[in-house]
file model01.txt (compact mmCIF, C-alpha atoms)
# COMPACT_ATOMS: atom_id res chain seq x y z
CA MET C 15 -1.66 8.51 -23.51
CA ALA C 16 -2.87 5.53 -21.53
CA GLN C 17 -5.97 7.37 -20.32
CA ASP C 18 -7.78 5.44 -17.64
CA THR C 19 -11.24 5.31 -19.15
CA LYS C 20 -12.48 2.36 -17.11
CA HIS C 21 -12.02 3.88 -13.71
CA TRP C 22 -15.65 4.38 -12.82
CA PHE C 23 -18.09 2.46 -10.70
CA ASN C 24 -20.64 0.54 -12.69
CA GLN C 25 -23.43 0.49 -10.15
CA GLY C 26 -24.76 2.54 -7.28
CA GLU C 27 -24.42 6.26 -6.75
CA THR C 28 -20.87 6.73 -5.52
CA LEU C 29 -18.88 9.67 -4.20
CA TRP C 30 -16.04 8.68 -6.52
CA ASP C 31 -18.05 9.15 -9.70
CA TYR C 32 -19.27 12.60 -8.62
CA ARG C 33 -15.89 13.71 -7.36
CA ARG C 34 -14.04 12.30 -10.34
CA LYS C 35 -16.19 14.39 -12.70
CA ALA C 36 -15.21 17.50 -10.73
CA SER C 37 -11.52 16.57 -10.40
CA LYS C 38 -8.88 18.26 -12.56
CA TRP C 39 -6.43 15.35 -12.14
CA HIS C 40 -5.34 13.62 -15.33
CA PHE C 41 -6.25 10.01 -14.37
CA ASP C 42 -3.33 8.74 -16.43
CA PRO C 43 -1.42 6.12 -14.42
CA ASP C 44 1.63 6.45 -16.71
CA ILE C 45 2.48 10.07 -15.85
CA PRO C 46 5.43 9.79 -13.43
CA ASN C 47 5.24 12.82 -11.12
CA GLU C 48 2.70 15.26 -9.77
CA PRO C 49 3.14 19.03 -10.26
CA THR C 50 3.49 21.29 -7.19
CA LYS C 51 0.18 22.93 -8.02
CA MET C 52 -1.40 19.60 -7.04
CA LEU C 53 0.95 18.29 -4.37
CA LYS C 54 3.78 19.73 -2.32
CA LEU C 55 6.02 17.91 0.13
CA ASN C 56 7.93 19.45 3.00
CA PHE C 57 7.26 23.11 2.33
CA VAL C 58 7.43 23.00 6.10
CA GLN C 59 8.91 20.37 8.42
CA PHE C 60 8.41 20.06 12.17
CA LYS C 61 11.03 19.09 14.72
CA GLY C 62 10.20 17.96 18.20
CA ASP C 63 9.28 14.99 20.33
CA TRP C 64 5.55 14.38 20.65
CA GLN C 65 5.79 10.66 21.49
CA SER C 66 4.40 11.14 24.99
CA GLU C 67 1.37 12.91 23.52
CA LEU C 68 0.77 9.99 21.16
CA ALA C 69 1.13 7.57 24.06
CA GLN C 70 -1.64 9.39 25.93
CA THR C 71 -4.00 9.46 22.97
CA LYS C 72 -7.12 7.31 23.00
CA PHE C 73 -8.14 6.33 19.49
CA THR C 74 -11.87 5.80 19.72
CA GLU C 75 -13.39 7.74 16.82
CA ARG C 76 -14.41 6.20 13.52
CA PRO C 77 -14.82 8.01 10.20
CA PRO C 78 -18.27 9.63 9.95
CA MET C 79 -20.96 7.14 8.95
CA ASP C 80 -24.38 8.76 8.98
CA LEU C 81 -26.25 7.18 6.09
CA ALA C 82 -28.95 9.87 6.31
CA GLU C 83 -26.29 12.40 5.27
CA PRO C 84 -26.01 12.28 1.46
CA LEU C 85 -22.26 12.84 1.06
CA GLN C 86 -21.41 10.23 3.67
CA ARG C 87 -23.84 7.76 2.14
CA LEU C 88 -22.13 8.06 -1.23
CA GLY C 89 -18.78 7.26 0.37
CA ILE C 90 -20.15 4.17 2.08
CA GLN C 91 -21.64 3.07 -1.26
CA GLU C 92 -18.09 2.97 -2.67
CA HIS C 93 -17.00 0.53 0.01
CA ILE C 94 -20.04 -1.65 -0.58
CA ASN C 95 -19.38 -1.71 -4.31
CA LEU C 96 -15.75 -2.68 -3.69
CA GLY C 97 -16.73 -5.38 -1.21
CA VAL C 98 -14.55 -3.72 1.45
CA ASP C 99 -15.68 -3.32 5.08
CA THR C 100 -15.65 0.36 6.10
CA ARG C 101 -14.06 -0.61 9.42
CA ILE C 102 -10.85 -1.24 7.47
CA GLU C 103 -10.17 2.52 7.84
CA GLY C 104 -9.44 2.09 11.55
CA LEU C 105 -9.69 4.60 14.37
CA ARG C 106 -8.71 8.22 14.97
CA SER C 107 -8.59 10.89 17.63
CA THR C 108 -9.43 14.57 17.44
CA VAL C 109 -6.49 16.73 18.50
CA ASP C 110 -7.07 17.99 22.03
CA PRO C 111 -4.92 21.03 22.90
CA THR C 112 -4.91 20.05 26.56
CA ILE C 113 -3.28 16.69 25.78
CA HIS C 114 -1.60 17.43 22.46
CA LYS C 115 0.30 20.60 23.27
CA LYS C 116 3.09 20.06 20.74
CA ILE C 117 0.88 18.48 18.11
CA ASN C 118 -1.48 21.43 18.47
CA LYS C 119 1.46 23.77 17.80
CA ILE C 120 1.87 21.94 14.49
CA VAL C 121 -1.82 22.53 13.75
CA GLU C 122 -1.50 26.24 14.58
CA ALA C 123 1.65 26.65 12.48
CA PHE C 124 -0.36 26.37 9.26
CA GLN C 125 -2.39 29.41 10.30
CA PHE C 126 -5.66 28.14 8.90
CA ASP C 127 -8.89 29.74 9.96
CA ASP C 128 -11.08 27.35 11.93
CA PRO C 129 -8.74 24.33 11.72
CA TYR C 130 -9.91 20.83 12.51
CA ALA C 131 -7.24 18.21 13.19
CA GLN C 132 -7.31 14.49 13.76
CA ILE C 133 -4.64 11.88 14.36
CA ILE C 134 -5.40 8.89 12.18
CA LEU C 135 -3.95 5.68 13.53
CA GLN C 136 -3.53 3.06 10.83
CA LYS C 137 -2.84 -0.35 12.29
CA PRO C 138 -1.39 -3.29 10.36
CA GLY C 139 -4.10 -4.59 8.05
CA GLU C 140 -5.94 -1.26 7.74
CA MET C 141 -6.25 0.85 4.63
CA PHE C 142 -8.06 3.67 2.84
CA THR C 143 -9.09 2.55 -0.61
CA LEU C 144 -8.53 4.97 -3.49
CA HIS C 145 -10.84 7.93 -3.05
CA ILE C 146 -11.23 11.64 -3.67
CA ASP C 147 -11.99 13.67 -0.57
CA VAL C 148 -15.00 15.71 0.18
CA VAL C 149 -14.93 18.10 3.12
CA ALA C 150 -18.25 17.16 4.66
CA CYS C 151 -18.06 18.84 8.05
CA ASP C 152 -21.64 19.93 7.69
CA PRO C 153 -24.35 18.48 5.46
CA ARG C 154 -24.51 20.28 2.16
CA SER C 155 -24.98 19.59 -1.53
CA MET C 156 -22.57 17.84 -3.86
CA GLU C 157 -22.60 20.94 -6.04
CA ALA C 158 -21.34 23.06 -3.14
CA ALA C 159 -18.76 20.42 -2.21
CA ASN C 160 -17.45 20.25 -5.78
CA LYS C 161 -16.93 24.02 -5.85
CA ASP C 162 -15.21 24.24 -2.46
CA GLU C 163 -11.98 26.24 -2.86
CA THR C 164 -11.95 27.63 0.68
CA ASN C 165 -10.83 24.53 2.58
CA MET C 166 -7.24 23.26 2.53
CA ARG C 167 -5.92 19.94 3.77
CA VAL C 168 -2.46 18.81 4.89
CA PHE C 169 -0.95 15.66 6.38
CA VAL C 170 1.92 15.61 8.85
CA ALA C 171 3.72 12.35 9.62
CA LEU C 172 3.96 11.82 13.38
CA GLU C 173 6.42 8.92 13.22
CA ASP C 174 9.08 7.81 10.76
CA TRP C 175 8.00 5.64 7.86
CA CYS C 176 8.41 1.88 8.28
CA TRP C 177 8.39 -0.90 5.74
CA GLY C 178 4.95 -2.07 4.74
CA GLN C 179 3.40 1.40 5.01
CA TYR C 180 1.96 2.87 1.83
CA LEU C 181 0.54 6.26 0.88
CA MET C 182 -0.16 7.28 -2.68
CA MET C 183 -1.32 10.70 -3.89
CA GLY C 184 -2.29 10.60 -7.54
CA ASN C 185 0.70 8.85 -9.09
CA HIS C 186 3.10 9.95 -6.36
CA HIS C 187 4.10 7.19 -3.98
CA TRP C 188 5.12 8.83 -0.68
CA THR C 189 7.59 6.65 1.16
CA ASN C 190 10.42 6.93 3.66
CA TRP C 191 8.91 9.96 5.37
CA LYS C 192 10.29 11.19 8.68
CA ALA C 193 8.31 12.34 11.72
CA GLY C 194 7.42 15.98 11.14
CA ASP C 195 7.34 15.79 7.33
CA ALA C 196 4.35 17.57 5.80
CA LEU C 197 2.33 17.06 2.65
CA TRP C 198 -0.16 19.45 1.12
CA PHE C 199 -2.37 18.24 -1.69
CA ARG C 200 -5.34 19.54 -3.61
CA TRP C 201 -7.95 17.36 -1.96
CA GLN C 202 -10.40 18.68 -4.53
CA ASP C 203 -8.56 16.83 -7.33
CA MET C 204 -6.11 14.21 -6.11
CA PRO C 205 -7.25 10.61 -5.69
CA HIS C 206 -5.29 8.96 -2.91
CA ALA C 207 -5.02 5.71 -0.99
CA SER C 208 -3.02 4.28 1.88
CA ALA C 209 -2.41 0.93 3.52
CA ASN C 210 -0.43 -0.49 6.39
CA CYS C 211 0.98 -3.95 5.75
CA GLY C 212 3.86 -3.47 8.15
CA HIS C 213 4.70 -4.41 11.70
CA LYS C 214 3.96 -1.08 13.32
CA THR C 215 1.05 1.33 13.68
CA ARG C 216 1.17 4.50 11.57
CA PRO C 217 -0.04 7.75 13.19
CA MET C 218 -0.66 10.59 10.73
CA LEU C 219 -1.98 14.05 11.52
CA LYS C 220 -4.69 15.33 9.17
CA ILE C 221 -5.52 19.02 9.32
CA THR C 222 -8.35 20.73 7.47
CA GLY C 223 -8.95 24.48 7.62
CA LYS C 224 -9.93 27.59 5.76
CA ILE C 225 -7.26 29.06 3.53
CA THR C 226 -5.55 32.26 4.69
CA PRO C 227 -2.92 34.57 3.14
CA GLN C 228 -0.47 33.29 5.77
CA PHE C 229 -0.96 29.69 4.67
CA LYS C 230 -0.58 30.65 1.01
CA LYS C 231 2.73 32.32 1.83
CA LEU C 232 3.95 29.29 3.79
CA LEU C 233 3.02 26.98 0.94
CA GLU C 234 5.24 28.96 -1.44
CA GLN C 235 8.30 28.14 0.65
CA ASP C 236 10.51 25.05 0.88
CA ASN C 237 11.80 23.15 3.90
CA VAL C 238 10.90 25.73 6.52
CA ILE C 239 11.89 24.13 9.84
CA ILE C 240 9.58 24.78 12.77
CA ASP C 241 10.51 23.58 16.25
CA VAL C 242 7.57 22.67 18.46
CA MET H 20 1.55 3.49 20.88
CA ALA H 21 0.33 -0.04 20.32
CA ASN H 22 3.74 -1.45 19.31
CA ASN H 23 6.89 -0.74 21.29
CA ILE H 24 9.90 -0.18 19.10
CA LYS H 25 13.38 0.37 20.44
CA ASP H 26 16.23 0.99 17.99
CA GLY H 27 14.05 -0.39 15.22
CA VAL H 28 13.47 -3.65 17.06
CA HIS H 29 10.12 -4.81 18.41
CA THR H 30 10.00 -5.38 22.10
CA ASP H 31 6.48 -6.70 22.46
CA VAL H 32 5.61 -8.66 19.32
CA LYS H 33 7.14 -12.06 18.63
CA LEU H 34 8.11 -12.37 14.94
CA PRO H 35 9.48 -15.91 14.62
CA LEU H 36 10.00 -16.16 10.86
CA PHE H 37 11.06 -12.57 10.31
CA ASP H 38 13.64 -12.86 13.08
CA PHE H 39 14.92 -16.12 11.59
CA ALA H 40 15.16 -14.53 8.13
CA LYS H 41 17.11 -11.58 9.53
CA THR H 42 19.70 -13.94 11.02
CA GLN H 43 20.57 -15.04 7.48
CA LYS H 44 21.98 -11.52 6.93
CA LEU H 45 21.02 -11.41 3.26
CA TYR H 46 19.57 -7.87 3.45
CA HIS H 47 20.80 -4.57 4.85
CA PHE H 48 17.54 -3.39 6.54
CA ASP H 49 18.55 0.23 6.05
CA ILE H 50 15.54 2.24 4.85
CA ASP H 51 17.80 4.93 3.39
CA LYS H 52 19.87 2.52 1.29
CA GLU H 53 19.15 1.49 -2.29
CA ASP H 54 18.69 -2.17 -3.11
CA ASP H 55 21.07 -4.33 -5.14
CA ASP H 56 20.41 -4.98 -8.82
CA ASP H 57 19.02 -8.47 -8.21
CA ILE H 58 15.42 -7.27 -8.00
CA ILE H 59 14.44 -7.65 -11.64
CA PHE H 60 11.36 -5.80 -12.86
CA LYS H 61 10.80 -5.56 -16.61
CA PRO H 62 8.56 -6.60 -19.51
CA LYS H 63 9.03 -10.27 -20.40
CA PHE H 64 5.87 -11.86 -21.81
CA LYS H 65 3.33 -10.90 -24.43
CA CYS H 66 -0.06 -12.51 -24.88
CA ASN H 67 -3.70 -11.88 -24.14
CA TRP H 68 -4.87 -14.04 -21.26
CA THR H 69 -7.54 -11.66 -19.96
CA HIS H 70 -10.45 -13.98 -20.86
CA GLU H 71 -8.90 -16.78 -18.82
CA LEU H 72 -8.96 -14.73 -15.63
CA ASP H 73 -12.74 -15.21 -15.57
CA ASN H 74 -11.98 -18.88 -14.83
CA PHE H 75 -10.08 -18.09 -11.65
CA LYS H 76 -11.30 -20.46 -8.93
CA PRO H 77 -9.82 -19.67 -5.51
CA ARG H 78 -9.03 -22.59 -3.30
CA PRO H 79 -9.46 -22.30 0.47
CA THR H 80 -6.54 -20.90 2.46
CA ASP H 81 -4.24 -23.87 2.96
CA PHE H 82 -1.53 -23.00 5.45
CA ASN H 83 -0.11 -26.34 6.60
CA LEU H 84 0.85 -25.77 10.21
CA GLU H 85 2.67 -29.09 10.35
CA ARG H 86 5.46 -27.34 8.44
CA GLU H 87 7.79 -25.57 10.85
CA TYR H 88 8.37 -22.41 8.81
CA THR H 89 4.72 -22.06 7.84
CA ARG H 90 3.89 -22.28 11.53
CA MET H 91 6.44 -19.54 12.30
CA GLN H 92 5.04 -17.30 9.57
CA VAL H 93 1.41 -17.74 10.58
CA GLU H 94 2.26 -17.18 14.24
CA GLU H 95 3.99 -13.93 13.26
CA TRP H 96 0.99 -12.66 11.30
CA LEU H 97 -1.43 -13.61 14.05
CA ASN H 98 0.79 -11.88 16.64
CA LEU H 99 0.55 -8.74 14.50
CA ARG H 100 -3.24 -9.24 14.45
CA TYR H 101 -3.50 -9.65 10.71
CA ASP H 102 -6.67 -11.20 9.34
CA VAL H 103 -5.63 -14.17 7.19
CA SER H 104 -9.02 -14.07 5.43
CA LYS H 105 -7.91 -10.82 3.75
CA PHE H 106 -4.82 -12.33 2.13
CA LEU H 107 -4.76 -12.84 -1.62
CA GLN H 108 -6.27 -16.02 -3.02
CA LYS H 109 -4.60 -18.72 -5.10
CA MET H 110 -5.25 -21.42 -7.67
CA SER H 111 -2.98 -23.82 -9.49
CA PRO H 112 -3.13 -23.47 -13.28
CA ASP H 113 -5.32 -26.18 -14.79
CA ASP H 114 -6.89 -26.93 -18.18
CA THR H 115 -9.51 -24.19 -17.70
CA VAL H 116 -6.69 -21.67 -18.25
CA PRO H 117 -4.61 -23.20 -21.07
CA ILE H 118 -2.64 -20.05 -21.92
CA LEU H 119 -1.68 -19.52 -18.30
CA GLN H 120 -0.84 -23.21 -18.00
CA LYS H 121 1.55 -22.78 -20.92
CA LEU H 122 2.97 -19.64 -19.34
CA GLY H 123 3.45 -21.63 -16.14
CA ALA H 124 5.79 -24.04 -17.88
CA SER H 125 7.93 -21.35 -19.50
CA ILE H 126 10.29 -20.28 -16.74
CA PRO H 127 13.43 -22.42 -16.52
CA MET H 128 13.77 -23.23 -12.82
CA ASP H 129 15.69 -26.24 -11.51
CA LYS H 130 13.52 -29.25 -12.37
CA ASN H 131 15.21 -31.41 -9.74
CA GLU H 132 13.02 -29.61 -7.19
CA THR H 133 9.53 -29.18 -8.62
CA PRO H 134 8.79 -25.45 -8.94
CA GLN H 135 5.49 -24.32 -7.48
CA VAL H 136 3.28 -22.25 -9.79
CA GLN H 137 0.23 -20.36 -8.54
CA ILE H 138 -2.18 -17.84 -10.01
CA THR H 139 -3.07 -15.22 -7.41
CA GLU H 140 -6.03 -12.90 -7.16
CA GLN H 141 -5.85 -9.78 -4.97
CA LYS H 142 -9.17 -7.99 -4.54
CA PRO H 143 -9.59 -4.47 -3.15
CA GLY H 144 -9.08 -4.59 0.60
CA GLN H 145 -6.70 -7.55 0.45
CA TYR H 146 -3.03 -7.54 1.34
CA VAL H 147 0.07 -9.59 2.07
CA PRO H 148 1.85 -8.38 5.21
CA TYR H 149 5.51 -7.40 5.22
CA HIS H 150 7.52 -10.63 5.31
CA MET H 151 10.36 -12.62 3.80
CA ASP H 152 9.99 -15.80 1.78
CA ILE H 153 11.34 -19.12 2.99
CA MET H 154 8.93 -20.77 0.49
CA ALA H 155 7.77 -23.25 3.13
CA SER H 156 4.75 -24.34 1.08
CA THR H 157 7.03 -25.71 -1.66
CA GLY H 158 8.53 -28.29 0.69
CA ILE H 159 12.03 -27.33 -0.51
CA GLU H 160 14.65 -27.60 2.22
CA SER H 161 15.30 -24.19 3.79
CA LYS H 162 19.08 -24.41 3.37
CA LYS H 163 18.59 -24.74 -0.40
CA VAL H 164 16.13 -21.82 -0.40
CA VAL H 165 18.68 -19.62 1.34
CA GLU H 166 21.29 -20.52 -1.30
CA ARG H 167 19.30 -20.75 -4.55
CA GLY H 168 15.65 -19.98 -3.86
CA TYR H 169 13.94 -17.54 -6.23
CA ARG H 170 10.50 -16.19 -6.71
CA VAL H 171 9.16 -14.79 -9.97
CA ILE H 172 5.89 -12.93 -10.42
CA VAL H 173 4.31 -12.32 -13.79
CA PHE H 174 1.73 -9.54 -13.70
CA LEU H 175 -1.43 -10.61 -15.51
CA THR H 176 -3.21 -7.24 -15.25
CA ASP H 177 -2.02 -3.64 -15.63
CA TRP H 178 -1.20 -1.55 -12.55
CA LEU H 179 -3.66 1.07 -11.36
CA PRO H 180 -3.31 3.63 -8.54
CA GLY H 181 -3.94 2.06 -5.15
CA GLU H 182 -2.06 -1.16 -5.94
CA PHE H 183 0.92 -1.15 -3.60
CA MET H 184 4.14 -3.19 -3.62
CA ILE H 185 7.49 -2.55 -1.98
CA TRP H 186 10.40 -4.99 -2.22
CA GLY H 187 13.21 -3.92 0.09
CA THR H 188 13.32 -0.17 -0.46
CA THR H 189 12.23 -0.52 -4.09
CA VAL H 190 8.73 0.66 -4.94
CA ILE H 191 7.19 -1.55 -7.61
CA GLN H 192 4.44 0.13 -9.59
CA LYS H 193 3.16 1.03 -13.06
CA TRP H 194 3.51 -2.53 -14.33
CA LYS H 195 1.78 -3.77 -17.43
CA ALA H 196 0.43 -7.26 -17.99
CA GLY H 197 3.44 -9.34 -19.02
CA HIS H 198 5.97 -7.58 -16.74
CA ILE H 199 7.94 -9.82 -14.40
CA LEU H 200 9.30 -9.26 -10.93
CA ALA H 201 12.02 -11.66 -9.76
CA TRP H 202 14.09 -11.72 -6.58
CA PRO H 203 16.23 -14.03 -4.46
CA ALA H 204 13.48 -15.44 -2.25
CA LEU H 205 14.73 -14.87 1.27
CA LYS H 206 16.70 -11.70 0.63
CA TYR H 207 14.06 -9.01 0.25
CA PRO H 208 11.38 -8.19 2.80
CA HIS H 209 8.22 -7.22 0.95
CA SER H 210 4.50 -6.60 1.20
CA THR H 211 1.57 -5.80 -1.05
CA ALA H 212 -1.85 -4.24 -0.66
CA ASN H 213 -4.69 -3.55 -3.01
CA ALA H 214 -6.43 -0.27 -2.16
CA SER H 215 -7.46 0.30 -5.79
CA HIS H 216 -10.85 -0.25 -7.37
CA HIS H 217 -9.73 -3.28 -9.35
CA THR H 218 -8.79 -6.89 -8.78
CA GLY H 219 -5.15 -7.62 -9.54
CA TYR H 220 -4.05 -10.97 -10.95
CA ARG H 221 -0.53 -12.35 -10.97
CA MET H 222 1.24 -15.64 -11.50
CA ARG H 223 3.93 -16.69 -9.07
CA TRP H 224 6.76 -19.20 -9.40
CA SER H 225 8.74 -20.55 -6.44
CA GLY H 226 11.77 -22.76 -6.94
CA LEU H 227 15.52 -23.13 -7.11
CA VAL H 228 17.54 -21.58 -9.88
CA THR H 229 20.60 -22.47 -11.94
CA ASP H 230 22.77 -20.59 -14.42
CA ASP H 231 20.14 -21.25 -17.12
CA PHE H 232 17.60 -19.26 -15.14
CA HIS H 233 19.96 -16.31 -14.76
CA LYS H 234 20.64 -16.31 -18.51
CA TRP H 235 16.92 -16.40 -19.18
CA ILE H 236 16.03 -13.65 -16.74
CA ASN H 237 18.81 -11.36 -17.92
CA ASN H 238 17.74 -11.74 -21.54
CA ASP H 239 15.58 -8.75 -22.53
CA GLU H 240 13.77 -10.58 -25.33
CA ILE H 241 9.98 -10.48 -25.01
CA MET H 242 8.46 -13.97 -25.12
CA GLU H 243 5.18 -14.57 -26.94
CA VAL H 244 3.06 -17.20 -25.24
call {"tool": "encode", "arguments": {"input": "model01.txt", "output": "structure tokens"}}
result
Amino acid sequence: MAQDTKHWFNQGETLWDYRRKASKWHFDPDIPNEPTKMLKLNFVQFKGDWQSELAQTKFTERPPMDLAEPLQRLGIQEHINLGVDTRIEGLRSTVDPTIHKKINKIVEAFQFDDPYAQIILQKPGEMFTLHIDVVACDPRSMEAANKDETNMRVFVALEDWCWGQYLMMGNHHWTNWKAGDALWFRWQDMPHASANCGHKTRPMLKITGKITPQFKKLLEQDNVIIDV
Amino acid sequence: MANNIKDGVHTDVKLPLFDFAKTQKLYHFDIDKEDDDDIIFKPKFKCNWTHELDNFKPRPTDFNLEREYTRMQVEEWLNLRYDVSKFLQKMSPDDTVPILQKLGASIPMDKNETPQVQITEQKPGQYVPYHMDIMASTGIESKKVVERGYRVIVFLTDWLPGEFMIWGTTVIQKWKAGHILAWPALKYPHSTANASHHTGYRMRWSGLVTDDFHKWINNDEIMEV
């Protein structure tokens, strides 16, 4: 097996090195597909037209960058080590139920407890370098973050895929998605990256929330169509 | 949204070279359709050139805006608000990289039009926007490029997650050093990005091809350099 033994940062205290130690992913770039216990596509798909809601959205928020907060600091250290400006991640907008009525129905459909949803707008030239998530809504220790099994995370595409747009989860290259397609992944384990080298902006809904029995049941299904 | 799209066509961004390339009607532009078998991606070379990559010396970005098609391409990228300082960097093989220099001479392109050979370095955070190749920097007449222009990439480093390439609707990934990627230059729209933790190196040929090239590229023999 072509085990990736060199995939560590050599200097600085990085989020990657901590999260990689805790990850159960194989880190073998030659394995072709990801199992559904790590990644599941389109267990649910949404139909509807939310273009007017996107048109009204003001993208003004940046990813959190409070260097006094340890988990955030470690993430910024990764960018510094890579020589990549953190602003390359672009801007986002928290879902506002008064503006995003349909998009908020998507958020509610997952039936998470205490969901938090953002629309991430990736413009041409923006990217997220390969990373493993940490749910850092409130300051806490790395040990607690590494043991977090209560939070879940899903992505929902808000527009059809266009050429030049990239999203990779582990070794799975997600392409040709349609608006309303959904992707669940074990954020605890799966390294992922995305980039937009195309001609068009890429809005993607990211939802994080506490796991519930209803979500577990939904995740066991395939291609459930929900109209919003 | 920031870009207006109607029926898949931009209504507010001027894309001079892309629009020109589309008029050549070499590609289907259907995201649900598979590509033809003229995108060639396979192992082709064997050698260890890793130590020579330390000698990579990037030259400054050298878009020559006196060339019409270069001007069209750069205008397109600037209209899309791309940052040209984040594009991959290039060097011509010289005597500081003798193995790569030898590799550079090993692909049989039409010698009547001097092929262009470049080593490229793509660091994390760098990209090449979605585009089609008219190979303007080679100085080869565009009519000839449309008819017989080819590009060949030899991967000099192994693929790692976060290195992205799509040619047409074909995802290119999991390459090993020594793999090649070849395609009719103007036919396939493509882009690349490096969101990995590693620098990717490649070698790129641009030129015209003859029957000899097609025989060479279709031969599955691995060449030792």
call {"tool": "closest_residue", "arguments": {"input": "model01.txt", "among": "H:Gly158, H:Pro208, H:Gly187, H:Pro148", "to": "chain C", "atoms": "all atoms listed in the file"}}
result
H:Pro148
call {"tool": "residues_near_point", "arguments": {"input": "model01.txt", "point": "(-4.4, -17.7, -21.7)", "cutoff": "10 Å", "atoms": "only C-alpha atoms", "output": "PyMOL selection string"}}
result
chain H and resi 66-72+115-122+175+244
call {"tool": "residues_around", "arguments": {"input": "model01.txt", "residues": "Asn95 (chain C)", "least_positions_apart": "2", "cutoff": "8 Å", "atoms": "only C-alpha atoms", "output": "JSON, numbers by chain"}}
result
{"C": [23, 25, 26, 91, 92, 93, 97, 98]}
call {"tool": "write_last_selection", "arguments": {"input": "model01.txt", "atoms": "C-alpha atoms", "output": "mmCIF file, in the frame of the given file"}}
result
data_model
loop_
_atom_site.group_PDB
_atom_site.id
_atom_site.type_symbol
_atom_site.label_atom_id
_atom_site.label_comp_id
_atom_site.auth_asym_id
_atom_site.auth_seq_id
_atom_site.Cartn_x
_atom_site.Cartn_y
_atom_site.Cartn_z
ATOM 1 C CA PHE C 23 -18.090 2.460 -10.700
ATOM 2 C CA GLN C 25 -23.430 0.490 -10.150
ATOM 3 C CA GLY C 26 -24.760 2.540 -7.280
ATOM 4 C CA GLN C 91 -21.640 3.070 -1.260
ATOM 5 C CA GLU C 92 -18.090 2.970 -2.670
ATOM 6 C CA HIS C 93 -17.000 0.530 0.010
ATOM 7 C CA GLY C 97 -16.730 -5.380 -1.210
ATOM 8 C CA VAL C 98 -14.550 -3.720 1.450
#
call {"tool": "interface_residues", "arguments": {"input": "model01.txt", "of": "chain C", "to": "chain H", "cutoff": "7 Å", "atoms": "only C-alpha atoms", "output": "JSON, numbers by chain"}}
result
{"C": [43, 44, 68, 69, 96, 98, 138, 139, 141, 142, 143, 144, 178, 180, 182, 185, 207, 208, 209, 211, 212, 213, 214, 215]}
call {"tool": "residues_around", "arguments": {"input": "model01.txt", "residues": "Val242 (chain C)", "least_positions_apart": "4", "cutoff": "9 Å", "atoms": "all atoms listed in the file", "output": "number ranges by chain"}}
result
C: 60-64, 115-117, 119-120
call {"tool": "residues_around", "arguments": {"input": "model01.txt", "residues": "Leu172 (chain C)", "least_positions_apart": "5", "cutoff": "7 Å", "atoms": "all atoms listed in the file", "output": "NGL selection string"}}
result
:C and (193-194 or 217-219)
call {"tool": "write_last_selection", "arguments": {"input": "model01.txt", "atoms": "C-alpha atoms", "output": "mmCIF file, in the frame of the given file"}}
result
data_model
loop_
_atom_site.group_PDB
_atom_site.id
_atom_site.type_symbol
_atom_site.label_atom_id
_atom_site.label_comp_id
_atom_site.auth_asym_id
_atom_site.auth_seq_id
_atom_site.Cartn_x
_atom_site.Cartn_y
_atom_site.Cartn_z
ATOM 1 C CA ALA C 193 8.310 12.340 11.720
ATOM 2 C CA GLY C 194 7.420 15.980 11.140
ATOM 3 C CA PRO C 217 -0.040 7.750 13.190
ATOM 4 C CA MET C 218 -0.660 10.590 10.730
ATOM 5 C CA LEU C 219 -1.980 14.050 11.520
#
call {"tool": "atom_distance", "arguments": {"input": "model01.txt", "atom1": "CA of Lys38 (chain C)", "atom2": "CA of Ile134 (chain C)"}}
result
26.7 Å
call {"tool": "decode", "arguments": {"input": "model01.txt", "residues": "region 30-51 of chain H", "atoms": "C-alpha atoms", "output": "compact mmCIF listing (two decimals), in the first residue's frame"}}
result
# COMPACT_ATOMS: atom_id res chain seq x y z
CA THR H 30 -23.99 37.84 -20.05
CA ASP H 31 -21.71 40.14 -18.11
CA VAL H 32 -18.14 38.88 -18.47
CA LYS H 33 -16.24 39.24 -21.74
CA LEU H 34 -14.26 36.05 -22.51
CA PRO H 35 -12.43 36.84 -25.75
CA LEU H 36 -10.24 33.74 -26.12
CA PHE H 37 -12.73 31.26 -24.71
CA ASP H 38 -15.42 32.55 -27.06
CA PHE H 39 -13.00 32.31 -30.00
CA ALA H 40 -12.06 28.75 -29.04
CA LYS H 41 -15.72 27.75 -28.82
CA THR H 42 -16.31 28.94 -32.38
CA GLN H 43 -13.87 26.27 -33.57
CA LYS H 44 -16.47 23.67 -32.47
CA LEU H 45 -13.88 21.09 -31.46
CA TYR H 46 -15.60 20.24 -28.15
CA HIS H 47 -19.16 19.37 -27.15
CA PHE H 48 -19.41 21.51 -23.95
CA ASP H 49 -21.93 19.08 -22.49
CA ILE H 50 -21.09 18.44 -18.83
CA ASP H 51 -23.01 15.15 -18.87
